[in-house]
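Below is protein.pdb, holding PDB, C-alpha atoms.
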```pdb
ATOM      1  CA  MET X  26     208.168 250.461 285.417
ATOM      2  CA  ARG X  27     210.366 253.394 286.346
ATOM      3  CA  ARG X  28     213.902 253.239 287.625
ATOM      4  CA  GLY X  29     212.710 254.440 291.020
ATOM      5  CA  ASP X  30     210.253 251.558 291.165
ATOM      6  CA  VAL X  31     213.061 249.081 290.668
ATOM      7  CA  LEU X  32     215.044 250.858 293.379
ATOM      8  CA  ALA X  33     212.105 250.768 295.804
ATOM      9  CA  LEU X  34     211.481 247.087 295.065
ATOM     10  CA  LEU X  35     215.153 246.237 295.556
ATOM     11  CA  LEU X  36     215.166 248.113 298.854
ATOM     12  CA  ALA X  37     212.042 246.301 300.024
ATOM     13  CA  VAL X  38     213.309 242.879 298.942
ATOM     14  CA  SER X  39     216.758 243.440 300.475
ATOM     15  CA  ILE X  40     215.193 244.002 303.897
ATOM     16  CA  LEU X  41     213.615 240.550 303.940
ATOM     17  CA  PRO X  42     216.587 238.111 304.052
ATOM     18  CA  PRO X  43     218.248 239.828 307.057
ATOM     19  CA  LEU X  44     214.875 239.855 308.806
ATOM     20  CA  TYR X  45     214.493 236.106 308.310
ATOM     21  CA  ALA X  46     218.124 235.499 309.243
ATOM     22  CA  VAL X  47     217.960 237.519 312.467
ATOM     23  CA  LEU X  48     214.464 236.621 313.667
ATOM     24  CA  TRP X  49     214.156 233.022 312.508
ATOM     25  CA  HIS X  50     217.591 231.830 313.604
ATOM     26  CA  ASP X  51     217.889 228.926 316.000
ATOM     27  CA  GLY X  52     219.685 230.708 318.771
ATOM     28  CA  ARG X  53     223.319 230.320 319.653
ATOM     29  CA  GLY X  54     224.670 227.036 320.907
ATOM     30  CA  GLY X  55     226.369 226.654 324.276
ATOM     31  CA  ASP X  56     230.095 226.758 324.938
ATOM     32  CA  TYR X  57     230.621 224.030 327.538
ATOM     33  CA  ALA X  58     229.112 220.730 328.581
ATOM     34  CA  ARG X  59     229.007 219.852 332.256
ATOM     35  CA  ILE X  60     229.145 216.113 332.814
ATOM     36  CA  LEU X  61     227.648 214.833 336.035
ATOM     37  CA  VAL X  62     227.973 211.328 337.427
ATOM     38  CA  GLY X  63     225.631 210.498 340.305
ATOM     39  CA  GLY X  64     224.925 214.218 340.733
ATOM     40  CA  GLN X  65     228.608 215.148 341.119
ATOM     41  CA  GLN X  66     230.439 217.127 338.451
ATOM     42  CA  ARG X  67     232.955 214.820 336.782
ATOM     43  CA  GLU X  68     234.148 216.971 333.941
ATOM     44  CA  LEU X  69     233.620 220.283 332.113
ATOM     45  CA  VAL X  70     234.364 219.927 328.412
ATOM     46  CA  SER X  71     234.567 222.632 325.802
ATOM     47  CA  LEU X  72     232.232 222.103 322.846
ATOM     48  CA  HIS X  73     234.648 223.866 320.540
ATOM     49  CA  GLU X  74     237.228 221.085 320.301
ATOM     50  CA  ASP X  75     236.121 217.805 318.757
ATOM     51  CA  ARG X  76     236.935 214.704 320.814
ATOM     52  CA  THR X  77     235.469 211.549 322.263
ATOM     53  CA  LEU X  78     235.679 210.867 325.951
ATOM     54  CA  GLU X  79     234.888 207.969 328.195
ATOM     55  CA  VAL X  80     233.021 208.416 331.429
ATOM     56  CA  SER X  81     232.577 205.578 333.879
ATOM     57  CA  GLY X  82     229.220 205.445 335.622
ATOM     58  CA  GLU X  83     227.184 203.034 337.719
ATOM     59  CA  LEU X  84     226.993 200.281 335.091
ATOM     60  CA  GLY X  85     230.164 200.836 333.132
ATOM     61  CA  VAL X  86     231.815 203.145 330.679
ATOM     62  CA  SER X  87     229.750 205.492 328.489
ATOM     63  CA  THR X  88     231.376 207.011 325.422
ATOM     64  CA  LEU X  89     230.608 210.653 324.671
ATOM     65  CA  GLU X  90     231.367 212.423 321.422
ATOM     66  CA  VAL X  91     231.947 216.177 321.006
ATOM     67  CA  LYS X  92     231.767 217.475 317.455
ATOM     68  CA  GLU X  93     231.164 220.924 315.946
ATOM     69  CA  GLY X  94     229.746 222.475 319.093
ATOM     70  CA  GLN X  95     227.477 219.524 319.852
ATOM     71  CA  ILE X  96     227.678 216.579 322.199
ATOM     72  CA  ARG X  97     226.003 213.155 322.312
ATOM     73  CA  PHE X  98     226.171 209.726 323.880
ATOM     74  CA  LEU X  99     228.001 207.590 321.324
ATOM     75  CA  ALA X 100     227.722 204.327 323.249
ATOM     76  CA  SER X 101     226.364 203.292 326.598
ATOM     77  CA  PRO X 102     226.262 200.068 328.628
ATOM     78  CA  CYS X 103     222.644 200.755 329.663
ATOM     79  CA  PRO X 104     219.869 198.332 328.530
ATOM     80  CA  GLY X 105     217.478 200.892 327.005
ATOM     81  CA  GLN X 106     219.950 203.005 325.007
ATOM     82  CA  GLN X 107     217.593 206.008 325.293
ATOM     83  CA  CYS X 108     220.555 208.284 325.934
ATOM     84  CA  VAL X 109     222.176 207.230 322.658
ATOM     85  CA  HIS X 110     218.929 207.634 320.722
ATOM     86  CA  ASN X 111     218.477 211.166 322.089
ATOM     87  CA  GLY X 112     221.203 212.234 319.677
ATOM     88  CA  TRP X 113     223.039 215.547 319.633
ATOM     89  CA  ILE X 114     222.409 218.544 321.877
ATOM     90  CA  HIS X 115     223.927 221.996 321.564
ATOM     91  CA  PHE X 116     221.624 224.723 323.008
ATOM     92  CA  GLY X 117     222.336 226.314 326.378
ATOM     93  CA  GLY X 118     220.230 224.549 328.995
ATOM     94  CA  ASP X 119     219.813 221.350 326.969
ATOM     95  CA  VAL X 120     220.263 218.167 328.969
ATOM     96  CA  LEU X 121     221.004 214.529 328.138
ATOM     97  CA  THR X 122     220.677 211.895 330.824
ATOM     98  CA  CYS X 123     221.365 208.226 331.146
ATOM     99  CA  LEU X 124     219.507 207.162 334.269
ATOM    100  CA  PRO X 125     220.788 203.571 334.510
ATOM    101  CA  ASN X 126     224.384 204.700 334.237
ATOM    102  CA  LYS X 127     223.700 207.877 336.345
ATOM    103  CA  ILE X 128     225.388 210.165 333.841
ATOM    104  CA  SER X 129     223.954 213.473 332.728
ATOM    105  CA  ILE X 130     225.230 216.158 330.392
ATOM    106  CA  ALA X 131     224.105 219.799 330.571
ATOM    107  CA  ILE X 132     225.084 222.522 328.120
ATOM    108  CA  LEU X 133     226.314 225.765 329.652
ATOM    109  CA  GLY X 134     226.401 229.196 328.032
ATOM    110  CA  GLY X 135     224.665 230.278 324.869
ATOM    111  CA  GLU X 136     221.061 231.314 324.826
ATOM    112  CA  GLN X 137     218.931 229.516 327.372
ATOM    113  CA  ARG X 138     215.836 228.309 325.573
ATOM    114  CA  PHE X 139     214.093 227.361 328.815
ATOM    115  CA  ASP X 140     214.201 228.798 332.326
ATOM    116  CA  SER X 141     213.926 225.326 333.818
ATOM    117  CA  VAL X 142     213.186 221.795 332.704
ATOM    118  CA  ASN X 143     211.260 219.200 334.706
ATOM    119  CA  PHE X 144     211.066 215.498 333.998
TER     120      PHE X 144
ATOM    121  CA  MET C   2     195.562 287.105 299.374
ATOM    122  CA  SER C   3     193.933 288.016 296.087
ATOM    123  CA  ALA C   4     190.319 287.008 296.740
ATOM    124  CA  PRO C   5     188.485 289.468 299.023
ATOM    125  CA  LEU C   6     187.328 287.795 302.255
ATOM    126  CA  LEU C   7     183.956 288.433 303.857
ATOM    127  CA  ARG C   8     184.238 289.865 307.333
ATOM    128  CA  HIS C   9     183.335 286.825 309.427
ATOM    129  CA  GLU C  10     184.423 284.179 307.004
ATOM    130  CA  THR C  11     187.734 282.722 308.022
ATOM    131  CA  LEU C  12     187.496 279.274 306.438
ATOM    132  CA  ILE C  13     187.008 278.967 302.733
ATOM    133  CA  ALA C  14     186.969 275.570 301.087
ATOM    134  CA  ARG C  15     189.270 275.658 298.099
ATOM    135  CA  THR C  16     189.429 273.365 295.102
ATOM    136  CA  ASP C  17     192.175 271.439 296.899
ATOM    137  CA  ASP C  18     189.911 270.819 299.875
ATOM    138  CA  PHE C  19     187.112 269.478 297.722
ATOM    139  CA  ARG C  20     189.515 267.236 295.901
ATOM    140  CA  ILE C  21     190.998 265.903 299.145
ATOM    141  CA  ALA C  22     187.500 265.331 300.532
ATOM    142  CA  ALA C  23     186.438 263.432 297.430
ATOM    143  CA  TRP C  24     189.491 261.169 297.416
ATOM    144  CA  ALA C  25     189.305 260.663 301.180
ATOM    145  CA  ALA C  26     185.667 259.610 300.821
ATOM    146  CA  LEU C  27     186.734 257.016 298.274
ATOM    147  CA  ALA C  28     189.552 255.772 300.534
ATOM    148  CA  ILE C  29     187.195 255.598 303.519
ATOM    149  CA  THR C  30     184.680 253.582 301.512
ATOM    150  CA  ILE C  31     187.345 251.073 300.510
ATOM    151  CA  HIS C  32     188.642 250.989 304.093
ATOM    152  CA  ILE C  33     185.177 250.124 305.436
ATOM    153  CA  LEU C  34     184.473 247.545 302.735
ATOM    154  CA  GLU C  35     187.810 245.922 303.438
ATOM    155  CA  SER C  36     187.178 245.778 307.174
ATOM    156  CA  ALA C  37     184.193 243.527 306.436
ATOM    157  CA  VAL C  38     186.348 240.961 304.605
ATOM    158  CA  PRO C  39     187.703 238.259 306.916
ATOM    159  CA  MET C  40     191.431 237.584 306.712
ATOM    160  CA  LEU C  41     193.596 234.597 307.476
ATOM    161  CA  LEU C  42     195.875 236.316 309.991
ATOM    162  CA  PRO C  43     194.666 238.952 312.459
ATOM    163  CA  GLY C  44     195.894 242.441 311.629
ATOM    164  CA  LEU C  45     196.580 241.525 308.032
ATOM    165  CA  LYS C  46     194.723 243.342 305.276
ATOM    166  CA  PRO C  47     195.501 243.917 301.606
ATOM    167  CA  GLY C  48     195.394 247.666 302.327
ATOM    168  CA  LEU C  49     193.521 248.613 299.186
ATOM    169  CA  ALA C  50     192.751 252.076 300.578
ATOM    170  CA  ASN C  51     196.480 252.625 300.160
ATOM    171  CA  VAL C  52     195.884 252.535 296.410
ATOM    172  CA  ILE C  53     194.008 255.833 296.703
ATOM    173  CA  VAL C  54     196.749 257.418 298.828
ATOM    174  CA  VAL C  55     199.433 256.436 296.319
ATOM    175  CA  ALA C  56     197.386 257.583 293.327
ATOM    176  CA  VAL C  57     196.736 260.946 295.029
ATOM    177  CA  LEU C  58     200.435 261.234 295.835
ATOM    178  CA  VAL C  59     201.464 260.680 292.227
ATOM    179  CA  CYS C  60     198.755 262.972 290.784
ATOM    180  CA  TYR C  61     198.475 265.789 293.329
ATOM    181  CA  GLY C  62     201.503 265.650 295.596
ATOM    182  CA  TRP C  63     202.452 264.702 299.096
ATOM    183  CA  ARG C  64     200.307 267.139 301.070
ATOM    184  CA  SER C  65     197.052 265.888 299.549
ATOM    185  CA  ALA C  66     198.156 262.257 300.016
ATOM    186  CA  ALA C  67     198.916 262.808 303.717
ATOM    187  CA  TRP C  68     195.495 264.416 304.219
ATOM    188  CA  VAL C  69     193.741 261.522 302.501
ATOM    189  CA  ALA C  70     195.714 258.899 304.458
ATOM    190  CA  LEU C  71     195.056 260.446 307.866
ATOM    191  CA  LEU C  72     191.442 261.379 307.147
ATOM    192  CA  ARG C  73     190.864 257.793 306.082
ATOM    193  CA  VAL C  74     192.115 256.481 309.440
ATOM    194  CA  LEU C  75     190.173 259.050 311.470
ATOM    195  CA  VAL C  76     186.847 258.943 309.637
ATOM    196  CA  GLY C  77     187.100 255.224 308.895
ATOM    197  CA  SER C  78     187.520 254.448 312.604
ATOM    198  CA  LEU C  79     184.619 256.753 313.532
ATOM    199  CA  LEU C  80     182.330 255.008 311.047
ATOM    200  CA  ILE C  81     183.386 251.461 311.965
ATOM    201  CA  GLY C  82     183.368 252.291 315.671
ATOM    202  CA  THR C  83     187.002 251.573 316.463
ATOM    203  CA  PHE C  84     188.011 255.176 317.242
ATOM    204  CA  LEU C  85     190.613 255.263 320.076
ATOM    205  CA  THR C  86     190.650 251.449 320.358
ATOM    206  CA  PRO C  87     193.839 249.392 319.877
ATOM    207  CA  THR C  88     192.728 248.777 316.288
ATOM    208  CA  PHE C  89     192.662 252.525 315.710
ATOM    209  CA  LEU C  90     196.057 252.903 317.369
ATOM    210  CA  LEU C  91     197.568 250.282 315.060
ATOM    211  CA  SER C  92     195.856 251.762 312.035
ATOM    212  CA  LEU C  93     197.079 255.267 312.899
ATOM    213  CA  SER C  94     200.655 254.199 313.590
ATOM    214  CA  GLY C  95     200.728 252.320 310.288
ATOM    215  CA  ALA C  96     199.320 255.293 308.414
ATOM    216  CA  LEU C  97     201.795 257.689 310.059
ATOM    217  CA  ALA C  98     204.721 255.408 309.207
ATOM    218  CA  SER C  99     203.621 255.016 305.602
ATOM    219  CA  VAL C 100     203.014 258.761 305.209
ATOM    220  CA  ALA C 101     206.496 259.376 306.614
ATOM    221  CA  ALA C 102     207.994 256.883 304.149
ATOM    222  CA  LEU C 103     206.062 258.458 301.280
ATOM    223  CA  TYR C 104     207.295 261.917 302.332
ATOM    224  CA  LEU C 105     210.877 260.693 302.338
ATOM    225  CA  ALA C 106     210.540 259.000 298.954
ATOM    226  CA  TRP C 107     208.699 262.047 297.565
ATOM    227  CA  ARG C 108     211.433 264.416 298.739
ATOM    228  CA  LEU C 109     214.223 262.177 297.450
ATOM    229  CA  GLY C 110     212.328 261.854 294.170
ATOM    230  CA  GLY C 111     212.216 265.655 294.008
ATOM    231  CA  TRP C 112     215.967 265.915 294.455
ATOM    232  CA  PHE C 113     216.812 263.094 292.062
ATOM    233  CA  PRO C 114     214.013 263.151 289.464
ATOM    234  CA  ARG C 115     215.635 260.392 287.409
ATOM    235  CA  TRP C 116     215.313 258.051 290.365
ATOM    236  CA  ALA C 117     211.841 259.112 291.469
ATOM    237  CA  PRO C 118     209.575 256.116 292.019
ATOM    238  CA  GLY C 119     206.212 255.763 290.302
ATOM    239  CA  ALA C 120     203.006 254.445 291.797
ATOM    240  CA  LEU C 121     204.415 250.921 292.170
ATOM    241  CA  GLY C 122     207.524 252.022 294.070
ATOM    242  CA  TYR C 123     205.583 254.357 296.340
ATOM    243  CA  SER C 124     203.039 251.662 297.079
ATOM    244  CA  VAL C 125     205.684 249.085 298.024
ATOM    245  CA  LEU C 126     207.491 251.553 300.290
ATOM    246  CA  ALA C 127     204.232 252.666 301.912
ATOM    247  CA  SER C 128     203.106 249.089 302.459
ATOM    248  CA  MET C 129     206.374 248.006 304.082
ATOM    249  CA  ALA C 130     206.483 251.145 306.247
ATOM    250  CA  HIS C 131     202.856 250.665 307.237
ATOM    251  CA  MET C 132     203.512 247.105 308.380
ATOM    252  CA  ALA C 133     206.740 248.024 310.171
ATOM    253  CA  GLY C 134     205.188 250.969 312.020
ATOM    254  CA  GLN C 135     202.138 248.983 312.985
ATOM    255  CA  PHE C 136     204.227 246.040 314.132
ATOM    256  CA  PHE C 137     206.535 248.251 316.181
ATOM    257  CA  VAL C 138     203.604 249.790 318.061
ATOM    258  CA  ALA C 139     201.949 246.385 318.524
ATOM    259  CA  TYR C 140     205.187 244.991 319.940
ATOM    260  CA  ALA C 141     206.004 248.021 322.089
ATOM    261  CA  LEU C 142     202.552 248.671 323.542
ATOM    262  CA  LEU C 143     200.191 245.747 323.056
ATOM    263  CA  ILE C 144     202.077 242.412 322.985
ATOM    264  CA  PRO C 145     205.671 242.893 324.187
ATOM    265  CA  HIS C 146     206.546 239.215 323.804
ATOM    266  CA  PRO C 147     209.661 238.056 321.924
ATOM    267  CA  ALA C 148     207.645 235.354 320.159
ATOM    268  CA  LEU C 149     205.802 238.108 318.281
ATOM    269  CA  LEU C 150     209.044 238.964 316.502
ATOM    270  CA  LYS C 151     208.908 235.569 314.770
ATOM    271  CA  LEU C 152     205.888 236.869 312.849
ATOM    272  CA  LEU C 153     207.680 239.947 311.519
ATOM    273  CA  PRO C 154     209.527 238.361 308.540
ATOM    274  CA  LEU C 155     206.334 236.676 307.366
ATOM    275  CA  LEU C 156     204.247 239.835 307.766
ATOM    276  CA  MET C 157     206.848 241.928 305.920
ATOM    277  CA  THR C 158     206.879 239.422 303.051
ATOM    278  CA  LEU C 159     203.103 239.628 302.804
ATOM    279  CA  ALA C 160     203.319 243.437 303.028
ATOM    280  CA  LEU C 161     205.656 243.375 300.042
ATOM    281  CA  ALA C 162     203.243 241.170 298.080
ATOM    282  CA  PHE C 163     200.235 243.352 298.927
ATOM    283  CA  GLY C 164     202.304 246.468 298.205
ATOM    284  CA  ILE C 165     203.112 245.231 294.707
ATOM    285  CA  MET C 166     199.472 244.289 294.151
ATOM    286  CA  SER C 167     198.048 247.648 295.206
ATOM    287  CA  GLY C 168     200.924 249.410 293.420
ATOM    288  CA  LEU C 169     199.884 247.835 290.117
ATOM    289  CA  ILE C 170     196.283 248.889 290.734
ATOM    290  CA  ALA C 171     197.419 252.423 291.641
ATOM    291  CA  ALA C 172     199.582 252.638 288.505
ATOM    292  CA  ALA C 173     196.599 251.656 286.339
ATOM    293  CA  MET C 174     194.494 254.239 288.162
ATOM    294  CA  VAL C 175     197.061 256.991 287.639
ATOM    295  CA  ARG C 176     197.190 256.193 283.900
ATOM    296  CA  SER C 177     193.411 256.374 283.741
ATOM    297  CA  ILE C 178     193.308 259.707 285.629
ATOM    298  CA  HIS C 179     195.910 261.247 283.313
ATOM    299  CA  GLY C 180     194.024 259.956 280.279
ATOM    300  CA  ARG C 181     190.772 261.497 281.474
ATOM    301  CA  GLU C 182     192.351 264.810 282.364
ATOM    302  CA  ARG C 183     193.217 265.270 278.712
ATOM    303  CA  THR C 184     189.581 265.033 277.591
ATOM    304  CA  ASP C 185     187.718 266.733 280.452
ATOM    305  CA  GLN C 186     188.946 268.584 283.490
ATOM    306  CA  ILE C 187     188.198 266.661 286.686
ATOM    307  CA  THR C 188     188.967 267.995 290.127
TER     308      THR C 188
END
```

Could you take the file, read its structure, and then write that structure out as structure tokens?
Amino acid sequence: MRRGDVLALLLAVSILPPLYAVLWHDGRGGDYARILVGGQQRELVSLHEDRTLEVSGELGVSTLEVKEGQIRFLASPCPGQQCVHNGWIHFGGDVLTCLPNKISIAILGGEQRFDSVNF
Amino acid sequence: MSAPLLRHETLIARTDDFRIAAWAALAITIHILESAVPMLLPGLKPGLANVIVVAVLVCYGWRSAAWVALLRVLVGSLLIGTFLTPTFLLSLSGALASVAALYLAWRLGGWFPRWAPGALGYSVLASMAHMAGQFFVAYALLIPHPALLKLLPLLMTLALAFGIMSGLIAAAMVRSIHGRERTDQIT
């Protein structure tokens, strides 16, 4: 193998990791979470500062946790606990809802993965 | 002009032309054989005809290699029946990109002989350029959908693998050609 072969191989191999990194990345997370209670905006929280917050809804108080650009329902007074089991969201356009407690969280900013979401 | 020309003869086939024709015929044969082999992903082929182009490049220079590469695409498409179809367009854009990459590497190799690639290096560069050129045209003209871009890293990885494979074959071929040239003169 010649020196030029090694050079050509290195060049070819060095192209691959940036290609994977740029084209196979997950997309950027959102910057804010809009919290709605009964369809009305209650709060707009930044995803960049970690905190827990309590939001009172139809049934009682839901606890939300913001951590490392993500948000989730930490605890909820609802019977099904589906909102808690949904876990973390962070992409622009992602939505978490707790129907019994009439609380929903939508991520704003970032790359929108979907134009619209229907349930 | 040392050889006297006949009055109405304007085109004379030289040794170079015969050599290019012979190598192109070989490349075209491989191209057609390969088109009959089914592949896992559409648009993906080992590109064994590239072996011929690289071997010609190393043995006879860039001009002959470019002729062989482009003749292969043109005549190959005429024989398979894909001339001027999207397949032909992709094939041509890939061939043009790889010929351009080979020209660049050839020129750089001329300026810095210590760093000139051999058959393996040329083959890898040609293979990657072929895939990139083909993909760019496919994305720009045929399927301008962002989801197509997700395929690019995978296709480039496979292009690298196939480039190494055909580069090793081309290197063995070049050794064999040089060995034979010592015993009898082949064109």

Which residues of chain X come within 8 Å of chain C, and for each one, what is the closest pair of atoms and their distance in Å to one decimal, counting only C-alpha atoms, sorted by chain and residue number, as JSON lines?
```
{"residue": "X:Met26", "atom": "CA", "partner": "C:Gly119", "partner_atom": "CA", "distance": 7.5}
{"residue": "X:Arg27", "atom": "CA", "partner": "C:Gly119", "partner_atom": "CA", "distance": 6.2}
{"residue": "X:Arg28", "atom": "CA", "partner": "C:Trp116", "partner_atom": "CA", "distance": 5.7}
{"residue": "X:Gly29", "atom": "CA", "partner": "C:Pro118", "partner_atom": "CA", "distance": 3.7}
{"residue": "X:Asp30", "atom": "CA", "partner": "C:Gly122", "partner_atom": "CA", "distance": 4.0}
{"residue": "X:Val31", "atom": "CA", "partner": "C:Gly122", "partner_atom": "CA", "distance": 7.1}
{"residue": "X:Leu32", "atom": "CA", "partner": "C:Gly122", "partner_atom": "CA", "distance": 7.6}
{"residue": "X:Ala33", "atom": "CA", "partner": "C:Gly122", "partner_atom": "CA", "distance": 5.1}
{"residue": "X:Leu34", "atom": "CA", "partner": "C:Gly122", "partner_atom": "CA", "distance": 6.4}
{"residue": "X:Ala37", "atom": "CA", "partner": "C:Leu126", "partner_atom": "CA", "distance": 7.0}
{"residue": "X:Val38", "atom": "CA", "partner": "C:Leu161", "partner_atom": "CA", "distance": 7.7}
{"residue": "X:Leu41", "atom": "CA", "partner": "C:Pro154", "partner_atom": "CA", "distance": 6.5}
{"residue": "X:Leu44", "atom": "CA", "partner": "C:Pro154", "partner_atom": "CA", "distance": 5.6}
{"residue": "X:Tyr45", "atom": "CA", "partner": "C:Pro154", "partner_atom": "CA", "distance": 5.5}
{"residue": "X:Leu48", "atom": "CA", "partner": "C:Lys151", "partner_atom": "CA", "distance": 5.8}
{"residue": "X:Trp49", "atom": "CA", "partner": "C:Lys151", "partner_atom": "CA", "distance": 6.3}
```

Quick check on the file I pasted: which residues fall under the PyMOL selection byres ((chain C and resi 47-60) around 9)? Write them as a PDB file with C-alpha atoms, in the frame of the given file.
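Final file, result_30.pdb:
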```
ATOM      1  CA  ILE C  21     190.998 265.903 299.145  1.00  0.00           C
ATOM      2  CA  TRP C  24     189.491 261.169 297.416  1.00  0.00           C
ATOM      3  CA  ALA C  25     189.305 260.663 301.180  1.00  0.00           C
ATOM      4  CA  LEU C  27     186.734 257.016 298.274  1.00  0.00           C
ATOM      5  CA  ALA C  28     189.552 255.772 300.534  1.00  0.00           C
ATOM      6  CA  ILE C  29     187.195 255.598 303.519  1.00  0.00           C
ATOM      7  CA  THR C  30     184.680 253.582 301.512  1.00  0.00           C
ATOM      8  CA  ILE C  31     187.345 251.073 300.510  1.00  0.00           C
ATOM      9  CA  HIS C  32     188.642 250.989 304.093  1.00  0.00           C
ATOM     10  CA  GLU C  35     187.810 245.922 303.438  1.00  0.00           C
ATOM     11  CA  LEU C  45     196.580 241.525 308.032  1.00  0.00           C
ATOM     12  CA  LYS C  46     194.723 243.342 305.276  1.00  0.00           C
ATOM     13  CA  TYR C  61     198.475 265.789 293.329  1.00  0.00           C
ATOM     14  CA  GLY C  62     201.503 265.650 295.596  1.00  0.00           C
ATOM     15  CA  TRP C  63     202.452 264.702 299.096  1.00  0.00           C
ATOM     16  CA  ARG C  64     200.307 267.139 301.070  1.00  0.00           C
ATOM     17  CA  SER C  65     197.052 265.888 299.549  1.00  0.00           C
ATOM     18  CA  ALA C  66     198.156 262.257 300.016  1.00  0.00           C
ATOM     19  CA  ALA C  67     198.916 262.808 303.717  1.00  0.00           C
ATOM     20  CA  TRP C  68     195.495 264.416 304.219  1.00  0.00           C
ATOM     21  CA  VAL C  69     193.741 261.522 302.501  1.00  0.00           C
ATOM     22  CA  ALA C  70     195.714 258.899 304.458  1.00  0.00           C
ATOM     23  CA  ARG C  73     190.864 257.793 306.082  1.00  0.00           C
ATOM     24  CA  LEU C 103     206.062 258.458 301.280  1.00  0.00           C
ATOM     25  CA  TRP C 107     208.699 262.047 297.565  1.00  0.00           C
ATOM     26  CA  GLY C 119     206.212 255.763 290.302  1.00  0.00           C
ATOM     27  CA  ALA C 120     203.006 254.445 291.797  1.00  0.00           C
ATOM     28  CA  LEU C 121     204.415 250.921 292.170  1.00  0.00           C
ATOM     29  CA  TYR C 123     205.583 254.357 296.340  1.00  0.00           C
ATOM     30  CA  SER C 124     203.039 251.662 297.079  1.00  0.00           C
ATOM     31  CA  ALA C 127     204.232 252.666 301.912  1.00  0.00           C
ATOM     32  CA  SER C 128     203.106 249.089 302.459  1.00  0.00           C
ATOM     33  CA  LEU C 159     203.103 239.628 302.804  1.00  0.00           C
ATOM     34  CA  ALA C 160     203.319 243.437 303.028  1.00  0.00           C
ATOM     35  CA  ALA C 162     203.243 241.170 298.080  1.00  0.00           C
ATOM     36  CA  PHE C 163     200.235 243.352 298.927  1.00  0.00           C
ATOM     37  CA  GLY C 164     202.304 246.468 298.205  1.00  0.00           C
ATOM     38  CA  MET C 166     199.472 244.289 294.151  1.00  0.00           C
ATOM     39  CA  SER C 167     198.048 247.648 295.206  1.00  0.00           C
ATOM     40  CA  GLY C 168     200.924 249.410 293.420  1.00  0.00           C
ATOM     41  CA  LEU C 169     199.884 247.835 290.117  1.00  0.00           C
ATOM     42  CA  ILE C 170     196.283 248.889 290.734  1.00  0.00           C
ATOM     43  CA  ALA C 171     197.419 252.423 291.641  1.00  0.00           C
ATOM     44  CA  ALA C 172     199.582 252.638 288.505  1.00  0.00           C
ATOM     45  CA  MET C 174     194.494 254.239 288.162  1.00  0.00           C
ATOM     46  CA  VAL C 175     197.061 256.991 287.639  1.00  0.00           C
ATOM     47  CA  ILE C 178     193.308 259.707 285.629  1.00  0.00           C
ATOM     48  CA  HIS C 179     195.910 261.247 283.313  1.00  0.00           C
TER      49      HIS C 179
END
```

**Study point:** Atomic separation - CA of Ala96 (chain C) relative to CA of Leu71 (chain C), Å
**Key:** 6.7 Å

Counting all atoms listed in the file, I want the residues whose atoms come within 10 Å of (182.2, 253.2, 309.2) in the file frame, returned as an mmCIF file with C-alpha atoms, keeping the file's coordinate frame.
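File written: out_34.cif
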```cif
data_model
loop_
_atom_site.group_PDB
_atom_site.id
_atom_site.type_symbol
_atom_site.label_atom_id
_atom_site.label_comp_id
_atom_site.auth_asym_id
_atom_site.auth_seq_id
_atom_site.Cartn_x
_atom_site.Cartn_y
_atom_site.Cartn_z
ATOM 1 C CA ILE C 29 187.195 255.598 303.519
ATOM 2 C CA THR C 30 184.680 253.582 301.512
ATOM 3 C CA HIS C 32 188.642 250.989 304.093
ATOM 4 C CA ILE C 33 185.177 250.124 305.436
ATOM 5 C CA LEU C 34 184.473 247.545 302.735
ATOM 6 C CA SER C 36 187.178 245.778 307.174
ATOM 7 C CA VAL C 76 186.847 258.943 309.637
ATOM 8 C CA GLY C 77 187.100 255.224 308.895
ATOM 9 C CA SER C 78 187.520 254.448 312.604
ATOM 10 C CA LEU C 79 184.619 256.753 313.532
ATOM 11 C CA LEU C 80 182.330 255.008 311.047
ATOM 12 C CA ILE C 81 183.386 251.461 311.965
ATOM 13 C CA GLY C 82 183.368 252.291 315.671
ATOM 14 C CA THR C 83 187.002 251.573 316.463
#
```

Study note, to complete from the structure: Students should find that CA of Val86 (chain X) and CA of Gly55 (chain X) are spaced 25.0 Å

Exercise for review: Record the distance separating CA of Thr86 (chain C) and CA of Ile144 (chain C), expressed in Å with one decimal.
Suggested key: 14.8 Å

Exercise for review: Would you translate the PyMOL selection byres ((chain X and resi 118) around 7) into the concrete set of residues it matches in this file, as a count of residues only?
Suggested key: 10

**Study point:** Nearest to Glu93 (chain X) by atom-to-atom distance, counting all atoms listed in the file, from X:Gly105, X:Gly64, X:Pro43, X:Gly54
**Key:** X:Gly54

Revision key, fill the gap. Across X:Leu69, X:Cys103, X:Ala58, X:Cys123, the smallest distance to Gly85 (chain X), with only C-alpha atoms counted, is shown by X:Cys103

Listed atoms of region 127-133 of chain X, axis-aligned box, 5 Å per side: centre and edge lengths to one decimal in Å, as AutoDock Vina command-line options?
```
--center_x 225.0 --center_y 216.8 --center_z 332.2 --size_x 12.6 --size_y 27.9 --size_z 18.2
```

Practice item. Translate the PyMOL selection byres ((chain C and resi 138) around 12), as applied to the file shown, into an explicit residue set as a list in words. Key: Pro87, Thr88, Phe89, Leu90, Leu91, Ser92, Leu93, Ser94, Gly95, Ala96, Leu97, Ala98, His131, Met132, Ala133, Gly134, Gln135, Phe136, Phe137, Ala139, Tyr140, Ala141, Leu142, Leu143, Ile144, Pro145 and Leu149 of chain C

Point to revise | Polymer residues at most 6 Å from Arg97 (chain X), only C-alpha atoms, same-chain spacing of 5 or more positions, as number ranges by chain | key: X: 89-90, 112-113

Point to revise | Top pick for closest residue to Asn126 (chain X), considering X:Gly94, X:Gly82, X:Gly63, X:Pro42 and counting only C-alpha atoms | key: X:Gly82
